[in-house]
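Here's the structure we're looking at; comments come further down.
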Amino acid sequence: MTRSIGRSLELYYIDGRPDGMLTAELFNWTGHVLMAPRTQIAEALARAEASYAGVYLLIGEQEGEPLAYVGEGEDISARIRSHDVHKDWWISAVLITASANKLNKAHVRYLEARLIAEARSIGRVPLDNGTNPTPATLSEADVAKMEAFLENLFIVLPAVRVDMFIQRTRPTPTLVSVQPISQTLQVADASNRSDERFTLQLKREKFKADAVLNADGEFVVLAGSQARALQGPSPYAELTRELIRAGVIADGPDGYQFTQNYAFKSPSAAASVALGRSSNGTTAWCRVGDGRTYKQWEAMKLGAKTDLSEGSN
């Protein structure tokens with residue numbers, strides 16, 4: 001089993017403001033990311049790295065819906081100046097380059113094509129790009145370098161508030177029989193813990209959704225689970241609309257349903273999207289096998305861990 005290795009990320013707020021320009025770099029990575037709001041684009045393009053070869057993202061919205069554009073250039077500042085005139089919907093720009101201007105034209109064409117393909121595959125944010133470019137032909141070694149570059153880039157982008165490349169659909173988990181809580185807590189290595197299974201039901205409406213809490217701490221609603229259209233105000237209304245746009249939630253034989261497994265950040269986010277309204281997921285989801293709510297299960301789990309810890313001293 002491969003053990004995950006932590007990464008060290010440095011964020012630098014150029015003018016000391018969290019909503020202003022910032023740069024992001026990973027230790028031992030040649031890439032450099034500059035994020036700038038449109039109101040500071042002149043200052044951003046005056047920086048040395050803005051004249052490097054690289055790729056860039058324009059982030060914004062049009063008619064109330066999110067929108068993005070992916071581009072490349074040997075001098076990305078010139079390309080963004082052109083977009084400043086011809087595209088009026090974007091509100092921030094992300095400039096992606098490499099130290100010492102090490103990327104060449106073929107590299108950035110490859111990166112642009114891969115980013116467009118990845119964004120469209122995930123489907124979280126529509127693109128203003130009209131075509132799907134073919135990646136530039138690179139040597140085997142250069143392809144490996146660019147794929148490694150992208151792997152690091154996908155770690156950095158969420159740190160600068162760009163989450164359009166986060167893949168939250170998941171493969172079907174292997175479901176095992178539910179174990180008594182006392183047994184699941186005695187597993188020494190958390191990475192070997194089996195997925196915990198939960199269900200959400202509205203018996204009067206014959207509504208049912210199923211989920212698992214996996215070993216990575218993700219609350220994954222399973223494909224085939226039912227979902228409802230928005231019933232009222234919800235802090236997750238935009239996420240619901242995003243999942244419908246991406247096809248993760250679609251019309252089924254009995255109304256909306258999840259077409260893919262989807263990882264949520266919390267049980268409440270999962271319950272609110274499934275039910276189409278604000279919901280406390282810690283009491284809405286019940287553990288398969290014993291009927292305890294997520295809240296009750298979590299409390300017992302924490303209490304049992306405390307008891308086990310105290311008993312080992």
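In the structure tokens, chains take letters A, B, ... by order of appearance, with residues numbered from 1 within each chain and ligands from 1 in the order shown.
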Strand (DSSP E) positions in region 48-240 of chain A, given as a PyMOL selection string: chain A and resi 54-62+65-73+90-98+169-170+196-202+207-213+219-221
From the DSSP assignment of the backbone, select every residue of region 42-215 of chain A that is helix (DSSP H, G or I), and format the answer as a tab-separated table (two decimals) with C-alpha atoms, in the first residue's frame.
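Final file, result-v1.tsv:
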chain	number	residue	atom	x	y	z
A	42	ALA	CA	-2.45	45.89	-14.67
A	43	GLU	CA	-0.21	45.36	-11.64
A	44	ALA	CA	-0.19	41.60	-12.22
A	45	LEU	CA	0.82	41.90	-15.88
A	48	ALA	CA	8.26	39.65	-14.70
A	49	GLU	CA	6.61	36.20	-14.71
A	50	ALA	CA	3.61	37.56	-16.63
A	51	SER	CA	5.77	37.82	-19.76
A	76	ILE	CA	0.79	35.31	-21.49
A	77	SER	CA	0.51	39.00	-20.57
A	78	ALA	CA	-0.13	39.84	-24.23
A	79	ARG	CA	-2.88	37.21	-24.46
A	80	ILE	CA	-4.59	38.46	-21.29
A	81	ARG	CA	-4.46	42.08	-22.50
A	82	SER	CA	-6.35	40.95	-25.59
A	83	HIS	CA	-8.96	39.19	-23.46
A	84	ASP	CA	-9.34	42.29	-21.29
A	85	VAL	CA	-10.79	44.00	-24.37
A	86	HIS	CA	-12.84	41.14	-25.85
A	99	SER	CA	10.80	29.49	-12.81
A	100	ALA	CA	13.41	30.91	-15.18
A	101	ASN	CA	10.83	30.73	-18.01
A	105	LYS	CA	5.60	26.69	-26.76
A	106	ALA	CA	5.09	22.93	-27.08
A	107	HIS	CA	4.93	22.55	-23.31
A	108	VAL	CA	2.24	25.20	-22.85
A	109	ARG	CA	0.17	23.90	-25.77
A	110	TYR	CA	0.24	20.47	-24.14
A	111	LEU	CA	-0.74	21.91	-20.77
A	112	GLU	CA	-3.58	23.96	-22.28
A	113	ALA	CA	-5.07	20.92	-24.04
A	114	ARG	CA	-4.83	18.78	-20.93
A	115	LEU	CA	-6.41	21.44	-18.71
A	116	ILE	CA	-9.32	21.91	-21.14
A	117	ALA	CA	-9.87	18.15	-21.35
A	118	GLU	CA	-9.71	17.79	-17.56
A	119	ALA	CA	-12.12	20.67	-16.91
A	120	ARG	CA	-14.63	19.32	-19.41
A	121	SER	CA	-14.30	15.78	-18.07
A	122	ILE	CA	-15.08	16.96	-14.52
A	140	GLU	CA	8.16	10.63	-23.87
A	141	ALA	CA	10.35	12.38	-21.31
A	142	ASP	CA	8.63	15.74	-21.81
A	143	VAL	CA	5.17	14.16	-21.51
A	144	ALA	CA	6.23	12.71	-18.15
A	145	LYS	CA	7.50	16.14	-17.05
A	146	MET	CA	4.27	17.90	-18.03
A	147	GLU	CA	2.11	15.28	-16.35
A	148	ALA	CA	4.15	15.73	-13.16
A	149	PHE	CA	3.74	19.50	-13.57
A	150	LEU	CA	-0.04	19.06	-13.79
A	151	GLU	CA	-0.13	16.76	-10.77
A	152	ASN	CA	1.45	19.50	-8.66
A	153	LEU	CA	-0.66	22.22	-10.26
A	154	PHE	CA	-3.88	20.42	-9.27
A	155	ILE	CA	-2.68	20.53	-5.66
A	156	VAL	CA	-1.90	24.26	-5.81
A	157	LEU	CA	-5.01	25.57	-7.60
A	158	PRO	CA	-7.53	24.88	-4.81
A	159	ALA	CA	-5.28	26.89	-2.48
A	160	VAL	CA	-5.81	29.96	-4.70
A	181	ILE	CA	-18.77	-0.31	16.71
A	182	SER	CA	-16.50	-1.85	19.36
A	183	GLN	CA	-14.83	-3.97	16.66
A	184	THR	CA	-14.33	-1.20	14.14
A	190	ALA	CA	-6.98	3.69	10.05
A	191	SER	CA	-6.11	3.11	6.39
A	192	ASN	CA	-7.42	-0.44	6.73
A	203	LYS	CA	-40.75	6.72	4.20
A	204	ARG	CA	-43.83	8.78	3.37
A	205	GLU	CA	-42.28	9.83	0.07
Point-to-point distance from CA of Arg17 (chain A) to CA of Gly60 (chain A), Å rounded to tenths: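 Distance reported for this atom pair: 20.2 Å.
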For region 30-37 of chain A: contacts at 7 Å, only C-alpha atoms, fewer than 2 positions along chain excluded, given as a list in words: Gly20, Met21, Leu22, Thr23, Ala24, Glu25, Asn28, Thr39, Gln40, Ile41, Ala44, Ile91, Ser92, Ala93, Val94, Leu95, Ile96, Thr97, Ala98, Ser99 and Val160 of chain A
Fewer than 3 positions away in the same chain doesn't count, so skip those; otherwise give me all residues within 6 Å of Leu213 (chain A), counting only C-alpha atoms, as a PDB file with N, CA, C and O atoms, in the first residue's frame.
ATOM      1  N   ASP A 195     -15.313   0.941   4.959  1.00  0.00           N
ATOM      2  CA  ASP A 195     -16.230   2.055   4.801  1.00  0.00           C
ATOM      3  C   ASP A 195     -17.442   1.868   5.715  1.00  0.00           C
ATOM      4  O   ASP A 195     -17.994   0.777   5.817  1.00  0.00           O
ATOM      5  N   GLU A 196     -17.846   2.957   6.368  1.00  0.00           N
ATOM      6  CA  GLU A 196     -19.071   2.932   7.169  1.00  0.00           C
ATOM      7  C   GLU A 196     -20.246   3.282   6.263  1.00  0.00           C
ATOM      8  O   GLU A 196     -20.161   4.211   5.463  1.00  0.00           O
ATOM      9  N   GLU A 218     -14.134  10.986   3.407  1.00  0.00           N
ATOM     10  CA  GLU A 218     -15.089  11.553   2.454  1.00  0.00           C
ATOM     11  C   GLU A 218     -16.459  10.915   2.659  1.00  0.00           C
ATOM     12  O   GLU A 218     -16.557   9.701   2.833  1.00  0.00           O
ATOM     13  N   PHE A 219     -17.494  11.740   2.621  1.00  0.00           N
ATOM     14  CA  PHE A 219     -18.860  11.237   2.737  1.00  0.00           C
ATOM     15  C   PHE A 219     -19.399  11.113   1.319  1.00  0.00           C
ATOM     16  O   PHE A 219     -19.730  12.103   0.669  1.00  0.00           O
TER      17      PHE A 219
END
From A:Ser272, A:Asn214, A:Thr169, A:Thr137, residue lying nearest Thr259 (chain A) [only C-alpha atoms]: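 Of A:Ser272, A:Asn214, A:Thr169, A:Thr137, the one nearest Thr259 (chain A) is A:Thr169, counting only C-alpha atoms.
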Contact residues around region 232-247 of chain A with only C-alpha atoms at 9 Å, ignoring same-chain residues under 6 positions, as number ranges by chain: A: 122-126, 258-260, 269, 272-274, 276-279
How would the residues just chosen look if you wrote them out with N, CA and C atoms as a tab-separated table (two decimals), in the first residue's frame?
chain	number	residue	atom	x	y	z
A	122	ILE	N	-14.51	16.79	-15.86
A	122	ILE	CA	-15.08	16.96	-14.52
A	122	ILE	C	-16.42	17.67	-14.60
A	123	GLY	N	-16.50	18.69	-15.45
A	123	GLY	CA	-17.78	19.34	-15.72
A	123	GLY	C	-18.29	20.27	-14.64
A	124	ARG	N	-17.46	20.70	-13.71
A	124	ARG	CA	-17.93	21.57	-12.63
A	124	ARG	C	-18.18	22.99	-13.12
A	125	VAL	N	-17.34	23.47	-14.04
A	125	VAL	CA	-17.47	24.84	-14.55
A	125	VAL	C	-17.43	24.80	-16.07
A	126	PRO	N	-18.44	25.33	-16.76
A	126	PRO	CA	-18.40	25.40	-18.23
A	126	PRO	C	-17.23	26.26	-18.71
A	258	PHE	N	-28.80	10.24	-8.32
A	258	PHE	CA	-27.36	10.34	-8.54
A	258	PHE	C	-26.96	9.31	-9.59
A	259	THR	N	-26.27	9.77	-10.63
A	259	THR	CA	-25.79	8.87	-11.67
A	259	THR	C	-24.38	8.37	-11.39
A	260	GLN	N	-23.68	9.04	-10.47
A	260	GLN	CA	-22.31	8.66	-10.11
A	260	GLN	C	-22.14	8.79	-8.61
A	269	ALA	N	-23.85	18.57	3.85
A	269	ALA	CA	-23.84	18.94	2.43
A	269	ALA	C	-24.51	17.84	1.62
A	272	SER	N	-28.35	17.88	2.33
A	272	SER	CA	-29.01	19.06	1.78
A	272	SER	C	-29.17	18.95	0.27
A	273	VAL	N	-28.15	18.45	-0.42
A	273	VAL	CA	-28.25	18.29	-1.87
A	273	VAL	C	-29.26	17.19	-2.21
A	274	ALA	N	-29.21	16.08	-1.49
A	274	ALA	CA	-30.13	14.98	-1.78
A	274	ALA	C	-31.59	15.39	-1.55
A	276	GLY	N	-32.79	18.54	-1.37
A	276	GLY	CA	-33.18	19.77	-2.04
A	276	GLY	C	-33.51	20.90	-1.10
A	277	ARG	N	-33.07	20.81	0.13
A	277	ARG	CA	-33.30	21.85	1.13
A	277	ARG	C	-32.24	21.73	2.22
A	278	SER	N	-32.14	22.76	3.04
A	278	SER	CA	-31.17	22.72	4.13
A	278	SER	C	-31.49	21.59	5.09
A	279	SER	N	-30.48	20.81	5.45
A	279	SER	CA	-30.71	19.65	6.32
A	279	SER	C	-29.49	19.40	7.19
Counting only C-alpha atoms, the residue of A:Pro133, A:Asp88, A:Tyr262, A:Phe27 that sits nearest Pro171 (chain A):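 The answer is A:Tyr262, which sits nearest to Pro171 (chain A).
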Surrounding residues of Thr199 (chain A) excluding itself and chain neighbours under 6 positions, 12 Å, only C-alpha atoms, as a ChimeraX atom specification: /A:207-213,219-222,225-226,267,270-271,274,281-294
Take the selection from the previous step and output its residues with N, CA and C atoms, as an mmCIF file, in the first residue's frame.
data_model
loop_
_atom_site.group_PDB
_atom_site.id
_atom_site.type_symbol
_atom_site.label_atom_id
_atom_site.label_comp_id
_atom_site.auth_asym_id
_atom_site.auth_seq_id
_atom_site.Cartn_x
_atom_site.Cartn_y
_atom_site.Cartn_z
ATOM 1 N N PHE A 207 -38.557 7.886 -0.353
ATOM 2 C CA PHE A 207 -37.270 8.472 -0.751
ATOM 3 C C PHE A 207 -36.156 7.740 -0.018
ATOM 4 N N LYS A 208 -35.085 7.411 -0.766
ATOM 5 C CA LYS A 208 -33.960 6.705 -0.143
ATOM 6 C C LYS A 208 -32.656 7.091 -0.838
ATOM 7 N N ALA A 209 -31.664 7.400 -0.024
ATOM 8 C CA ALA A 209 -30.320 7.661 -0.521
ATOM 9 C C ALA A 209 -29.333 6.867 0.329
ATOM 10 N N ASP A 210 -28.266 6.411 -0.282
ATOM 11 C CA ASP A 210 -27.250 5.614 0.413
ATOM 12 C C ASP A 210 -25.894 6.288 0.294
ATOM 13 N N ALA A 211 -25.083 6.130 1.328
ATOM 14 C CA ALA A 211 -23.772 6.771 1.347
ATOM 15 C C ALA A 211 -22.785 5.938 2.149
ATOM 16 N N VAL A 212 -21.516 6.219 1.945
ATOM 17 C CA VAL A 212 -20.465 5.609 2.760
ATOM 18 C C VAL A 212 -19.517 6.699 3.234
ATOM 19 N N LEU A 213 -19.000 6.526 4.423
ATOM 20 C CA LEU A 213 -17.906 7.347 4.919
ATOM 21 C C LEU A 213 -16.649 6.528 4.717
ATOM 22 N N PHE A 219 -17.494 11.740 2.621
ATOM 23 C CA PHE A 219 -18.860 11.237 2.737
ATOM 24 C C PHE A 219 -19.399 11.113 1.319
ATOM 25 N N VAL A 220 -19.468 9.875 0.809
ATOM 26 C CA VAL A 220 -19.749 9.615 -0.598
ATOM 27 C C VAL A 220 -21.177 9.109 -0.763
ATOM 28 N N VAL A 221 -22.014 9.906 -1.440
ATOM 29 C CA VAL A 221 -23.355 9.456 -1.794
ATOM 30 C C VAL A 221 -23.234 8.544 -3.013
ATOM 31 N N LEU A 222 -23.894 7.397 -2.971
ATOM 32 C CA LEU A 222 -23.716 6.378 -3.994
ATOM 33 C C LEU A 222 -24.658 6.567 -5.180
ATOM 34 N N SER A 225 -28.785 6.647 -5.709
ATOM 35 C CA SER A 225 -29.513 7.313 -4.626
ATOM 36 C C SER A 225 -30.475 8.336 -5.211
ATOM 37 N N GLN A 226 -31.625 8.496 -4.561
ATOM 38 C CA GLN A 226 -32.587 9.481 -5.024
ATOM 39 C C GLN A 226 -32.155 10.889 -4.628
ATOM 40 N N PRO A 267 -21.602 15.355 5.945
ATOM 41 C CA PRO A 267 -22.918 14.712 5.856
ATOM 42 C C PRO A 267 -24.033 15.720 5.597
ATOM 43 N N ALA A 270 -24.207 16.589 1.938
ATOM 44 C CA ALA A 270 -24.796 15.462 1.212
ATOM 45 C C ALA A 270 -26.308 15.402 1.408
ATOM 46 N N ALA A 271 -26.771 15.577 2.647
ATOM 47 C CA ALA A 271 -28.208 15.518 2.922
ATOM 48 C C ALA A 271 -28.943 16.686 2.277
ATOM 49 N N ALA A 274 -29.212 16.078 -1.493
ATOM 50 C CA ALA A 274 -30.134 14.976 -1.779
ATOM 51 C C ALA A 274 -31.588 15.390 -1.547
ATOM 52 N N GLY A 281 -27.242 16.934 8.343
ATOM 53 C CA GLY A 281 -26.880 15.580 7.945
ATOM 54 C C GLY A 281 -26.492 14.685 9.091
ATOM 55 N N THR A 282 -26.046 15.256 10.219
ATOM 56 C CA THR A 282 -25.623 14.409 11.337
ATOM 57 C C THR A 282 -26.802 13.689 11.979
ATOM 58 N N THR A 283 -28.030 14.226 11.788
ATOM 59 C CA THR A 283 -29.217 13.547 12.310
ATOM 60 C C THR A 283 -30.055 12.916 11.202
ATOM 61 N N ALA A 284 -29.834 13.331 9.949
ATOM 62 C CA ALA A 284 -30.618 12.788 8.830
ATOM 63 C C ALA A 284 -30.117 11.420 8.387
ATOM 64 N N TRP A 285 -28.788 11.225 8.398
ATOM 65 C CA TRP A 285 -28.214 9.949 7.962
ATOM 66 C C TRP A 285 -28.179 8.970 9.122
ATOM 67 N N CYS A 286 -28.556 7.727 8.850
ATOM 68 C CA CYS A 286 -28.535 6.679 9.881
ATOM 69 C C CYS A 286 -27.614 5.544 9.442
ATOM 70 N N ARG A 287 -26.900 4.989 10.391
ATOM 71 C CA ARG A 287 -25.950 3.922 10.109
ATOM 72 C C ARG A 287 -26.687 2.636 9.757
ATOM 73 N N VAL A 288 -26.286 2.011 8.680
ATOM 74 C CA VAL A 288 -26.885 0.750 8.261
ATOM 75 C C VAL A 288 -26.540 -0.330 9.288
ATOM 76 N N GLY A 289 -27.525 -1.067 9.706
ATOM 77 C CA GLY A 289 -27.284 -2.174 10.627
ATOM 78 C C GLY A 289 -27.807 -1.920 12.018
ATOM 79 N N ASP A 290 -27.598 -0.688 12.560
ATOM 80 C CA ASP A 290 -28.068 -0.431 13.926
ATOM 81 C C ASP A 290 -28.982 0.787 14.012
ATOM 82 N N GLY A 291 -29.128 1.555 12.916
ATOM 83 C CA GLY A 291 -30.071 2.663 12.901
ATOM 84 C C GLY A 291 -29.638 3.901 13.650
ATOM 85 N N ARG A 292 -28.427 3.905 14.221
ATOM 86 C CA ARG A 292 -27.955 5.114 14.906
ATOM 87 C C ARG A 292 -27.764 6.251 13.904
ATOM 88 N N THR A 293 -28.088 7.463 14.344
ATOM 89 C CA THR A 293 -27.800 8.608 13.483
ATOM 90 C C THR A 293 -26.295 8.787 13.398
ATOM 91 N N TYR A 294 -25.866 9.527 12.382
ATOM 92 C CA TYR A 294 -24.436 9.810 12.244
ATOM 93 C C TYR A 294 -23.912 10.459 13.523
#
Given only C-alpha atoms as the counted atoms, nearest of A:Ser139, A:Gln257, A:Asn104, A:Ser8 to Val55 (chain A):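 Checking each candidate against Val55 (chain A), we get A:Asn104 as the closest.
Put simply, CA of Asn129 (chain A) is 27.5 Å away from CA of Ala263 (chain A).
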Nearest candidate to Arg161 (chain A) (options A:Gly6, A:Gly73, A:Gly252, A:Pro18; using only C-alpha atoms):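 Among A:Gly6, A:Gly73, A:Gly252, A:Pro18, it is A:Pro18 that comes nearest to Arg161 (chain A).
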